[in-house]
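Engineer: Following this line is target_15.pdb, made up of PDB, C-alpha atoms, pLDDT in the B column:
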```pdb
MODEL        1
ATOM      1  CA  MET A   1       5.655  17.432 -34.159  1.00 54.00           C
ATOM      2  CA  ALA A   2       3.158  14.928 -32.756  1.00 61.00           C
ATOM      3  CA  SER A   3       3.040  11.480 -31.226  1.00 72.00           C
ATOM      4  CA  VAL A   4      -0.047   9.358 -30.733  1.00 73.00           C
ATOM      5  CA  ASP A   5      -0.744   6.751 -28.094  1.00 73.00           C
ATOM      6  CA  ALA A   6      -3.819   4.665 -27.320  1.00 71.00           C
ATOM      7  CA  PRO A   7      -4.646   1.812 -24.922  1.00 68.00           C
ATOM      8  CA  SER A   8      -5.167  -1.664 -26.356  1.00 68.00           C
ATOM      9  CA  THR A   9      -8.938  -1.201 -25.979  1.00 69.00           C
ATOM     10  CA  GLY A  10      -8.846   1.529 -28.618  1.00 69.00           C
ATOM     11  CA  GLY A  11     -11.450   3.577 -26.770  1.00 77.00           C
ATOM     12  CA  THR A  12      -9.162   6.508 -25.946  1.00 79.00           C
ATOM     13  CA  CYS A  13      -6.486   8.434 -27.816  1.00 82.00           C
ATOM     14  CA  PHE A  14      -3.682  10.642 -26.462  1.00 78.00           C
ATOM     15  CA  ILE A  15      -1.980  13.030 -28.902  1.00 79.00           C
ATOM     16  CA  ASP A  16       1.150  14.928 -27.799  1.00 77.00           C
ATOM     17  CA  LEU A  17       1.809  18.166 -29.683  1.00 76.00           C
ATOM     18  CA  ALA A  18       5.157  19.963 -29.475  1.00 72.00           C
ATOM     19  CA  HIS A  19       7.050  22.416 -31.623  1.00 64.00           C
ATOM     20  CA  ASN A  20      10.506  21.258 -32.690  1.00 64.00           C
ATOM     21  CA  SER A  21      12.073  24.437 -31.338  1.00 57.00           C
ATOM     22  CA  ALA A  22      10.246  24.346 -28.003  1.00 53.00           C
ATOM     23  CA  ALA A  23      12.812  24.008 -25.232  1.00 53.00           C
ATOM     24  CA  LEU A  24      13.488  25.268 -21.749  1.00 49.00           C
ATOM     25  CA  ASP A  25      17.230  25.562 -21.070  1.00 49.00           C
ATOM     26  CA  PHE A  26      17.851  25.103 -17.351  1.00 46.00           C
ATOM     27  CA  SER A  27      21.522  25.996 -17.379  1.00 49.00           C
ATOM     28  CA  GLY A  28      21.479  26.571 -13.620  1.00 51.00           C
ATOM     29  CA  LEU A  29      21.206  22.826 -12.995  1.00 51.00           C
ATOM     30  CA  ALA A  30      24.413  20.963 -12.372  1.00 52.00           C
ATOM     31  CA  ALA A  31      23.812  17.588 -14.044  1.00 49.00           C
ATOM     32  CA  ASN A  32      27.246  16.734 -15.428  1.00 50.00           C
ATOM     33  CA  ASP A  33      27.849  20.502 -15.711  1.00 49.00           C
ATOM     34  CA  LYS A  34      25.655  20.581 -18.823  1.00 47.00           C
ATOM     35  CA  PRO A  35      22.408  22.506 -19.275  1.00 47.00           C
ATOM     36  CA  GLU A  36      19.297  20.392 -18.882  1.00 60.00           C
ATOM     37  CA  VAL A  37      16.906  20.970 -21.770  1.00 63.00           C
ATOM     38  CA  PHE A  38      13.213  20.265 -21.330  1.00 67.00           C
ATOM     39  CA  GLY A  39      10.502  20.825 -23.888  1.00 70.00           C
ATOM     40  CA  PRO A  40       6.883  21.640 -23.070  1.00 73.00           C
ATOM     41  CA  PHE A  41       4.106  19.848 -24.914  1.00 73.00           C
ATOM     42  CA  VAL A  42       0.324  19.743 -24.969  1.00 77.00           C
ATOM     43  CA  ARG A  43      -1.454  16.412 -24.564  1.00 76.00           C
ATOM     44  CA  VAL A  44      -4.835  16.162 -26.249  1.00 79.00           C
ATOM     45  CA  THR A  45      -7.083  13.464 -24.791  1.00 79.00           C
ATOM     46  CA  ASN A  46     -10.172  12.218 -26.583  1.00 77.00           C
ATOM     47  CA  SER A  47     -12.283   9.075 -26.668  1.00 78.00           C
ATOM     48  CA  TYR A  48     -14.458   7.273 -29.175  1.00 72.00           C
ATOM     49  CA  ASN A  49     -17.002   5.968 -26.694  1.00 67.00           C
ATOM     50  CA  ARG A  50     -17.767   9.057 -24.561  1.00 66.00           C
ATOM     51  CA  THR A  51     -15.725   7.795 -21.617  1.00 67.00           C
ATOM     52  CA  ARG A  52     -13.491  10.889 -21.670  1.00 66.00           C
ATOM     53  CA  ALA A  53     -14.226  14.489 -22.540  1.00 69.00           C
ATOM     54  CA  LEU A  54     -11.915  16.207 -25.007  1.00 73.00           C
ATOM     55  CA  CYS A  55      -9.316  17.961 -22.869  1.00 75.00           C
ATOM     56  CA  PHE A  56      -5.781  19.344 -22.858  1.00 73.00           C
ATOM     57  CA  ASP A  57      -2.908  18.930 -20.375  1.00 75.00           C
ATOM     58  CA  ILE A  58       0.487  20.599 -20.150  1.00 71.00           C
ATOM     59  CA  GLY A  59       3.512  18.305 -19.960  1.00 72.00           C
ATOM     60  CA  TYR A  60       7.307  18.506 -20.036  1.00 72.00           C
ATOM     61  CA  SER A  61       9.822  16.067 -21.442  1.00 71.00           C
ATOM     62  CA  ARG A  62      13.585  15.838 -21.011  1.00 68.00           C
ATOM     63  CA  LYS A  63      14.966  16.330 -24.514  1.00 58.00           C
ATOM     64  CA  VAL A  64      17.917  13.957 -24.191  1.00 51.00           C
ATOM     65  CA  CYS A  65      15.779  10.907 -23.427  1.00 53.00           C
ATOM     66  CA  LYS A  66      12.144  11.912 -24.079  1.00 62.00           C
ATOM     67  CA  ASN A  67      11.163  11.126 -20.497  1.00 70.00           C
ATOM     68  CA  GLY A  68       7.994  13.019 -19.709  1.00 71.00           C
ATOM     69  CA  LEU A  69       5.494  13.937 -17.049  1.00 67.00           C
ATOM     70  CA  ILE A  70       2.109  15.640 -16.940  1.00 64.00           C
ATOM     71  CA  LEU A  71       1.425  18.483 -14.528  1.00 62.00           C
ATOM     72  CA  ARG A  72      -2.089  19.195 -13.334  1.00 54.00           C
ATOM     73  CA  SER A  73      -2.876  22.820 -14.146  1.00 51.00           C
ATOM     74  CA  SER A  74      -5.500  25.291 -15.261  1.00 46.00           C
ATOM     75  CA  LEU A  75      -3.387  26.804 -18.015  1.00 46.00           C
ATOM     76  CA  ILE A  76      -5.790  25.868 -20.791  1.00 48.00           C
ATOM     77  CA  SER A  77      -9.422  26.336 -19.812  1.00 45.00           C
ATOM     78  CA  PHE A  78     -10.957  24.442 -22.719  1.00 50.00           C
ATOM     79  CA  LYS A  79     -12.894  21.221 -22.344  1.00 48.00           C
ATOM     80  CA  MET A  80     -15.644  19.719 -24.473  1.00 51.00           C
ATOM     81  CA  SER A  81     -17.881  16.783 -23.616  1.00 51.00           C
ATOM     82  CA  HIS A  82     -19.415  14.465 -26.176  1.00 48.00           C
ATOM     83  CA  GLN A  83     -22.849  16.064 -25.960  1.00 53.00           C
ATOM     84  CA  ARG A  84     -24.111  17.278 -29.332  1.00 52.00           C
ATOM     85  CA  ARG A  85     -25.611  20.414 -27.819  1.00 53.00           C
ATOM     86  CA  GLU A  86     -22.162  21.449 -26.541  1.00 51.00           C
ATOM     87  CA  ILE A  87     -20.284  20.921 -29.793  1.00 51.00           C
ATOM     88  CA  GLN A  88     -19.627  24.259 -31.482  1.00 54.00           C
ATOM     89  CA  GLU A  89     -18.486  25.100 -34.979  1.00 54.00           C
ATOM     90  CA  ALA A  90     -15.510  27.023 -33.664  1.00 53.00           C
ATOM     91  CA  VAL A  91     -13.427  26.302 -30.575  1.00 54.00           C
ATOM     92  CA  LYS A  92     -12.096  29.151 -28.465  1.00 56.00           C
ATOM     93  CA  PHE A  93      -9.076  28.449 -26.311  1.00 56.00           C
ATOM     94  CA  GLU A  94      -8.258  30.577 -23.292  1.00 59.00           C
ATOM     95  CA  ILE A  95      -4.612  30.217 -22.311  1.00 60.00           C
ATOM     96  CA  ALA A  96      -3.463  31.724 -19.028  1.00 62.00           C
ATOM     97  CA  HIS A  97      -0.132  33.126 -20.221  1.00 66.00           C
ATOM     98  CA  ASP A  98       0.754  34.570 -16.825  1.00 71.00           C
ATOM     99  CA  LYS A  99       0.232  31.155 -15.211  1.00 66.00           C
ATOM    100  CA  LEU A 100       2.264  29.514 -17.996  1.00 66.00           C
ATOM    101  CA  ALA A 101       5.245  31.761 -17.269  1.00 71.00           C
ATOM    102  CA  LYS A 102       4.889  31.044 -13.543  1.00 72.00           C
ATOM    103  CA  GLN A 103       4.714  27.293 -14.145  1.00 67.00           C
ATOM    104  CA  LYS A 104       7.976  27.414 -16.120  1.00 70.00           C
ATOM    105  CA  GLN A 105       9.653  29.112 -13.166  1.00 73.00           C
ATOM    106  CA  GLU A 106       8.168  26.617 -10.734  1.00 73.00           C
ATOM    107  CA  PHE A 107       9.285  23.701 -12.891  1.00 72.00           C
ATOM    108  CA  GLU A 108      12.869  24.938 -12.815  1.00 75.00           C
ATOM    109  CA  ALA A 109      12.596  25.274  -9.046  1.00 78.00           C
ATOM    110  CA  PHE A 110      11.248  21.686  -8.846  1.00 78.00           C
ATOM    111  CA  LEU A 111      14.335  20.352 -10.570  1.00 80.00           C
ATOM    112  CA  GLY A 112      16.785  22.369  -8.503  1.00 85.00           C
ATOM    113  CA  ARG A 113      15.243  21.176  -5.237  1.00 89.00           C
ATOM    114  CA  LEU A 114      15.303  17.555  -6.403  1.00 91.00           C
ATOM    115  CA  GLN A 115      19.003  17.785  -7.228  1.00 90.00           C
ATOM    116  CA  ALA A 116      19.718  19.143  -3.768  1.00 92.00           C
ATOM    117  CA  CYS A 117      17.873  16.293  -2.037  1.00 95.00           C
ATOM    118  CA  PRO A 118      20.172  13.285  -1.403  1.00 95.00           C
ATOM    119  CA  ILE A 119      18.749   9.774  -1.742  1.00 96.00           C
ATOM    120  CA  SER A 120      20.895   6.768  -0.885  1.00 95.00           C
ATOM    121  CA  THR A 121      21.924   4.626  -3.838  1.00 95.00           C
ATOM    122  CA  THR A 122      20.122   1.596  -2.422  1.00 94.00           C
ATOM    123  CA  ALA A 123      16.869   3.519  -1.966  1.00 95.00           C
ATOM    124  CA  ILE A 124      16.405   5.002  -5.462  1.00 97.00           C
ATOM    125  CA  ALA A 125      14.786   1.968  -7.089  1.00 97.00           C
ATOM    126  CA  GLY A 126      12.386   1.294  -4.250  1.00 95.00           C
ATOM    127  CA  PHE A 127      11.422   4.976  -4.059  1.00 96.00           C
ATOM    128  CA  ALA A 128      10.686   5.094  -7.803  1.00 97.00           C
ATOM    129  CA  SER A 129       8.557   1.959  -7.572  1.00 96.00           C
ATOM    130  CA  ASP A 130       6.544   3.449  -4.716  1.00 95.00           C
ATOM    131  CA  VAL A 131       5.924   6.632  -6.715  1.00 95.00           C
ATOM    132  CA  LEU A 132       4.605   4.601  -9.653  1.00 95.00           C
ATOM    133  CA  GLY A 133       2.593   2.280  -7.433  1.00 93.00           C
ATOM    134  CA  PHE A 134       4.355  -0.902  -8.535  1.00 94.00           C
ATOM    135  CA  GLN A 135       3.256  -3.637  -6.131  1.00 89.00           C
ATOM    136  CA  ALA A 136       4.589  -7.107  -5.467  1.00 91.00           C
ATOM    137  CA  PRO A 137       2.160 -10.046  -5.498  1.00 93.00           C
ATOM    138  CA  SER A 138       0.552 -11.128  -2.264  1.00 91.00           C
ATOM    139  CA  ALA A 139       2.941 -12.991   0.025  1.00 91.00           C
ATOM    140  CA  ASN A 140       0.322 -15.730   0.267  1.00 93.00           C
ATOM    141  CA  LEU A 141       0.815 -16.744  -3.360  1.00 94.00           C
ATOM    142  CA  PRO A 142       2.860 -19.903  -4.016  1.00 94.00           C
ATOM    143  CA  ALA A 143       6.409 -19.395  -5.246  1.00 92.00           C
ATOM    144  CA  ALA A 144       5.533 -20.991  -8.607  1.00 94.00           C
ATOM    145  CA  ASP A 145       2.859 -18.375  -9.370  1.00 96.00           C
ATOM    146  CA  THR A 146       3.706 -16.496 -12.590  1.00 96.00           C
ATOM    147  CA  ARG A 147       3.224 -13.161 -10.850  1.00 96.00           C
ATOM    148  CA  TRP A 148       6.426 -13.699  -8.879  1.00 96.00           C
ATOM    149  CA  ALA A 149       8.393 -14.074 -12.115  1.00 97.00           C
ATOM    150  CA  ALA A 150       6.721 -10.906 -13.406  1.00 97.00           C
ATOM    151  CA  TRP A 151       7.675  -9.064 -10.209  1.00 97.00           C
ATOM    152  CA  SER A 152      11.279 -10.240 -10.488  1.00 96.00           C
ATOM    153  CA  ALA A 153      11.461  -9.031 -14.102  1.00 97.00           C
ATOM    154  CA  LEU A 154       9.906  -5.677 -13.186  1.00 97.00           C
ATOM    155  CA  ALA A 155      12.305  -5.253 -10.264  1.00 97.00           C
ATOM    156  CA  GLU A 156      15.248  -5.800 -12.615  1.00 97.00           C
ATOM    157  CA  VAL A 157      13.974  -3.147 -15.025  1.00 97.00           C
ATOM    158  CA  VAL A 158      13.543  -0.608 -12.215  1.00 98.00           C
ATOM    159  CA  ALA A 159      16.934  -1.460 -10.710  1.00 97.00           C
ATOM    160  CA  ALA A 160      18.691  -1.129 -14.077  1.00 97.00           C
ATOM    161  CA  ALA A 161      17.162   2.297 -14.735  1.00 96.00           C
ATOM    162  CA  SER A 162      18.036   3.392 -11.199  1.00 97.00           C
ATOM    163  CA  GLY A 163      21.660   2.380 -11.643  1.00 97.00           C
ATOM    164  CA  ARG A 164      21.964   4.294 -14.922  1.00 95.00           C
ATOM    165  CA  TYR A 165      20.495   7.526 -13.597  1.00 93.00           C
ATOM    166  CA  GLU A 166      22.377   7.359 -10.299  1.00 96.00           C
ATOM    167  CA  LYS A 167      25.606   7.117 -12.288  1.00 94.00           C
ATOM    168  CA  GLU A 168      24.601   9.958 -14.635  1.00 89.00           C
ATOM    169  CA  LEU A 169      22.933  12.356 -12.190  1.00 90.00           C
ATOM    170  CA  GLY A 170      24.088  11.323  -8.725  1.00 94.00           C
ATOM    171  CA  ALA A 171      22.294   9.776  -5.759  1.00 96.00           C
ATOM    172  CA  ASN A 172      19.513  12.319  -5.387  1.00 95.00           C
ATOM    173  CA  ALA A 173      15.802  12.840  -5.947  1.00 95.00           C
ATOM    174  CA  TYR A 174      16.456  14.128  -9.471  1.00 91.00           C
ATOM    175  CA  ALA A 175      17.705  10.648 -10.381  1.00 94.00           C
ATOM    176  CA  VAL A 176      14.489   9.235  -8.876  1.00 96.00           C
ATOM    177  CA  LEU A 177      12.459  11.611 -11.071  1.00 91.00           C
ATOM    178  CA  ASN A 178      14.233  10.380 -14.190  1.00 91.00           C
ATOM    179  CA  VAL A 179      13.661   6.734 -13.278  1.00 95.00           C
ATOM    180  CA  VAL A 180       9.997   7.516 -12.679  1.00 94.00           C
ATOM    181  CA  THR A 181       9.531   9.457 -15.917  1.00 90.00           C
ATOM    182  CA  GLU A 182      11.384   6.876 -18.015  1.00 91.00           C
ATOM    183  CA  LEU A 183       9.175   4.045 -16.778  1.00 95.00           C
ATOM    184  CA  ALA A 184       6.079   6.259 -17.040  1.00 91.00           C
ATOM    185  CA  SER A 185       6.904   7.304 -20.604  1.00 87.00           C
ATOM    186  CA  ARG A 186       7.773   3.775 -21.709  1.00 90.00           C
ATOM    187  CA  PRO A 187       5.866   1.458 -19.348  1.00 93.00           C
ATOM    188  CA  PRO A 188       7.428  -2.025 -19.093  1.00 95.00           C
ATOM    189  CA  ASP A 189       5.480  -4.797 -20.784  1.00 94.00           C
ATOM    190  CA  ASN A 190       4.652  -6.560 -17.552  1.00 97.00           C
ATOM    191  CA  MET A 191       1.434  -7.987 -16.132  1.00 95.00           C
ATOM    192  CA  LEU A 192       1.980  -6.060 -12.886  1.00 96.00           C
ATOM    193  CA  VAL A 193       2.052  -2.660 -14.654  1.00 95.00           C
ATOM    194  CA  ARG A 194      -1.653  -1.922 -14.776  1.00 89.00           C
ATOM    195  CA  ARG A 195      -1.666   1.802 -15.625  1.00 89.00           C
ATOM    196  CA  ASP A 196      -1.217   3.311 -19.080  1.00 85.00           C
ATOM    197  CA  ARG A 197       1.373   5.920 -20.050  1.00 84.00           C
ATOM    198  CA  HIS A 198      -0.956   8.873 -19.469  1.00 81.00           C
ATOM    199  CA  ALA A 199      -1.898   7.746 -15.956  1.00 85.00           C
ATOM    200  CA  LEU A 200       1.727   7.044 -15.003  1.00 92.00           C
ATOM    201  CA  GLN A 201       2.934  10.402 -16.328  1.00 86.00           C
ATOM    202  CA  ARG A 202       0.206  12.214 -14.413  1.00 84.00           C
ATOM    203  CA  ARG A 203       1.281  10.289 -11.316  1.00 91.00           C
ATOM    204  CA  ALA A 204       4.872  11.463 -11.910  1.00 88.00           C
ATOM    205  CA  GLY A 205       3.720  15.069 -12.213  1.00 85.00           C
ATOM    206  CA  GLU A 206       1.645  14.911  -9.042  1.00 87.00           C
ATOM    207  CA  TRP A 207       4.530  13.359  -7.124  1.00 92.00           C
ATOM    208  CA  VAL A 208       7.177  15.874  -8.215  1.00 86.00           C
ATOM    209  CA  SER A 209       4.901  18.799  -7.306  1.00 84.00           C
ATOM    210  CA  ASP A 210       4.270  17.339  -3.861  1.00 90.00           C
ATOM    211  CA  PHE A 211       7.767  16.078  -3.057  1.00 94.00           C
ATOM    212  CA  SER A 212       9.678  19.139  -4.260  1.00 89.00           C
ATOM    213  CA  SER A 213       7.765  21.345  -1.842  1.00 89.00           C
ATOM    214  CA  LYS A 214       8.084  18.985   1.141  1.00 94.00           C
ATOM    215  CA  CYS A 215      11.747  17.981   0.772  1.00 94.00           C
ATOM    216  CA  VAL A 216      12.906  21.517   1.661  1.00 92.00           C
ATOM    217  CA  GLU A 217      10.986  21.643   4.945  1.00 94.00           C
ATOM    218  CA  ASP A 218      13.151  21.839   8.083  1.00 91.00           C
ATOM    219  CA  LYS A 219      11.659  18.710   9.649  1.00 92.00           C
ATOM    220  CA  PHE A 220      11.417  16.674   6.439  1.00 94.00           C
ATOM    221  CA  ASP A 221      12.011  12.955   7.050  1.00 95.00           C
ATOM    222  CA  LEU A 222      12.470  10.852   3.912  1.00 93.00           C
ATOM    223  CA  GLY A 223      11.611   7.609   5.697  1.00 93.00           C
ATOM    224  CA  GLN A 224       8.323   9.006   6.950  1.00 94.00           C
ATOM    225  CA  TYR A 225       7.539  10.448   3.516  1.00 95.00           C
ATOM    226  CA  ILE A 226       8.096   7.097   1.784  1.00 92.00           C
ATOM    227  CA  ALA A 227       6.006   5.316   4.414  1.00 91.00           C
ATOM    228  CA  ALA A 228       3.152   7.782   3.835  1.00 91.00           C
ATOM    229  CA  LEU A 229       3.557   7.379   0.073  1.00 89.00           C
ATOM    230  CA  LYS A 230       3.248   3.603   0.405  1.00 85.00           C
ATOM    231  CA  GLU A 231       0.146   4.008   2.543  1.00 83.00           C
ATOM    232  CA  ARG A 232      -1.535   6.392   0.080  1.00 79.00           C
ATOM    233  CA  SER A 233      -0.712   4.144  -2.853  1.00 69.00           C
ATOM    234  CA  GLY A 234      -1.609   0.914  -1.118  1.00 63.00           C
ATOM    235  CA  VAL A 235       1.915  -0.367  -1.767  1.00 55.00           C
ATOM    236  CA  SER A 236       3.167  -3.135   0.496  1.00 50.00           C
ATOM    237  CA  SER A 237       5.979  -4.372  -1.727  1.00 49.00           C
ATOM    238  CA  PRO A 238       9.403  -5.505  -0.591  1.00 50.00           C
ATOM    239  CA  ALA A 239      12.060  -2.923  -1.333  1.00 52.00           C
ATOM    240  CA  ILE A 240      13.657  -2.951  -4.771  1.00 58.00           C
ATOM    241  CA  THR A 241      17.349  -2.048  -4.776  1.00 54.00           C
ATOM    242  CA  ALA A 242      20.013  -1.883  -7.450  1.00 47.00           C
ATOM    243  CA  THR A 243      20.983  -5.394  -6.458  1.00 46.00           C
ATOM    244  CA  SER A 244      17.495  -6.872  -6.195  1.00 43.00           C
ATOM    245  CA  ALA A 245      17.698 -10.633  -6.270  1.00 35.00           C
ATOM    246  CA  ARG A 246      15.141 -12.992  -7.687  1.00 34.00           C
ATOM    247  CA  ARG A 247      12.732 -14.469  -5.199  1.00 36.00           C
TER     248      ARG A 247
ENDMDL
END
```
Give the structure from the file, written as structure tokens.
Structural biologist:
Amino acid sequence: MASVDAPSTGGTCFIDLAHNSAALDFSGLAANDKPEVFGPFVRVTNSYNRTRALCFDIGYSRKVCKNGLILRSSLISFKMSHQRREIQEAVKFEIAHDKLAKQKQEFEAFLGRLQACPISTTAIAGFASDVLGFQAPSANLPAADTRWAAWSALAEVVAAASGRYEKELGANAYAVLNVVTELASRPPDNMLVRRDRHALQRRAGEWVSDFSSKCVEDKFDLGQYIAALKERSGVSSPAITATSARR
């Protein structure tokens, strides 16, 4: 099974490869007392203009909704640049099977820790937006500027997704992950969303790896974490909540 995605420029192509039977059954998770089923996939990245080397990334998607994320890893040690002298007749892949098994275990641990981390209902949407780097227009812009309408529309999309997942999964970081991966997997058609699906899914993977390890620390402070996340991302947006009003 494969899906293909490419930016509007047509210079790059992302191909996701997954076997129909590939699934990880995380029956230890408590979402609605049903097992959570995730499927691993391989993303092949290539370009037509030498801007990207041919490479492979490991990703996971939630089977029920096809929300996905990309985890940085060294599981597949193959990479080929667009230099003729490096192109071979046969390609040899080296897959670190021991690391693959470990990553599956770590991924299950990620999800369990996220479910155990409470996030207030009013904070889910704003948190998800910070993870994805969604930024409001400059406060110096006039109210009639079209970017404010775009921000209002984007805020409504994020708030709607946040409300759905909070109702389905509870007010926790696992709901935030699902908001993030839904919007990363199907980026809203909005002028303020400036990253493509691949970049957003990689951002989701980097965040979940970082957050799931920090949220279990004894002195973890969610407010401080979000503030640091905003600073790293350059986000200075007003908070988006489930009841975000138009400007």
Engineer: Once you count all atoms listed in the file, what closest atom pair and distance in Å to one decimal does each residue of region 117-151 of chain A within 6 Å of region 168-192 of chain A have, with rows by chain and rising residue number, as JSON lines?
Structural biologist:
```
{"residue": "A:Cys117", "atom": "CA", "partner": "A:Asn172", "partner_atom": "CA", "distance": 5.5}
{"residue": "A:Pro118", "atom": "CA", "partner": "A:Asn172", "partner_atom": "CA", "distance": 4.2}
{"residue": "A:Ile119", "atom": "CA", "partner": "A:Asn172", "partner_atom": "CA", "distance": 4.5}
{"residue": "A:Ser120", "atom": "CA", "partner": "A:Ala171", "partner_atom": "CA", "distance": 5.9}
{"residue": "A:Thr121", "atom": "CA", "partner": "A:Ala171", "partner_atom": "CA", "distance": 5.5}
{"residue": "A:Ile124", "atom": "CA", "partner": "A:Val176", "partner_atom": "CA", "distance": 5.8}
{"residue": "A:Ala128", "atom": "CA", "partner": "A:Val180", "partner_atom": "CA", "distance": 5.5}
```
Engineer: Just give me the gap between CA of Ser213 (chain A) and CA of Phe110 (chain A) in Å, one decimal is fine.
Structural biologist: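 Taking CA of Ser213 (chain A) and CA of Phe110 (chain A), their separation equals 7.8 Å.
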Engineer: For the point (8.1, 12.7, 4.4) in file coordinates, what residues are within 12 Å, counting only C-alpha atoms? Give the answer as a list in words?
Structural biologist: Phe127, Asp210, Phe211, Ser212, Ser213, Lys214, Cys215, Val216, Glu217, Asp218, Lys219, Phe220, Asp221, Leu222, Gly223, Gln224, Tyr225, Ile226, Ala227, Ala228, Leu229, Lys230 and Glu231 of chain A
Engineer: How many Å lie between CA of Arg194 (chain A) and CA of Cys13 (chain A), rounded to one decimal?
Structural biologist: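 Calculated distance between CA of Arg194 (chain A) and CA of Cys13 (chain A) is 17.3 Å.
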Engineer: Could you please determine the separation between CA of Leu154 (chain A) and CA of Ser209 (chain A) in Å, to one decimal place?
Structural biologist: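 We find that CA of Leu154 (chain A) and CA of Ser209 (chain A) lie 25.7 Å from each other.
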Engineer: Evaluating the PyMOL selection byres ((chain A and resi 4) around 9) on the displayed file yields which residues, as a PyMOL selection string?
Structural biologist: chain A and resi 2-3+5-6+13-16
Engineer: Compute the distance from (-7.7, 16.8, -20.9) to each atom, counting only C-alpha atoms, keep the residues with any atom at most 8 Å away, and return them as a list in words; use the coordinates of the file.
Structural biologist: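 Residues with an atom close enough to that point: Arg43, Val44, Thr45, Asn46, Ala53, Leu54, Cys55, Phe56, Asp57 and Lys79 of chain A.
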Engineer: Can you tell me which residues surround Ala160 (chain A) at a distance of at most 9 Å, considering only C-alpha atoms, apart from same-chain residues fewer than 4 positions away, and format the answer as a list of chain:residue names?
Structural biologist: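 So the residues in contact are A:Ala125, A:Ala155, A:Glu156, A:Arg164, A:Tyr165, A:Ala242.
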Engineer: The centre and edge lengths of an axis-aligned box containing all atoms of region 106-124 of chain A present in the file, extended by 5 Å on each side, are to be given in Å to one decimal, as AutoDock Vina command-line options.
Structural biologist:
```
--center_x 15.0 --center_y 14.1 --center_z -6.9 --size_x 23.8 --size_y 35.0 --size_z 22.0
```
Engineer: Do a neighbour search on Arg195 (chain A) at 10 Å with only C-alpha atoms, toss out local chain neighbours closer than 2 positions, and write the hits as a ChimeraX atom specification.
Structural biologist: /A:7,132-134,184,187,192-193,197-201,203
Engineer: Give as a VMD selection string the residues that the PyMOL selection byres ((chain A and resi 40) around 6) matches when applied to the coordinates above.
Structural biologist: chain A and resid 39 41 59 to 60
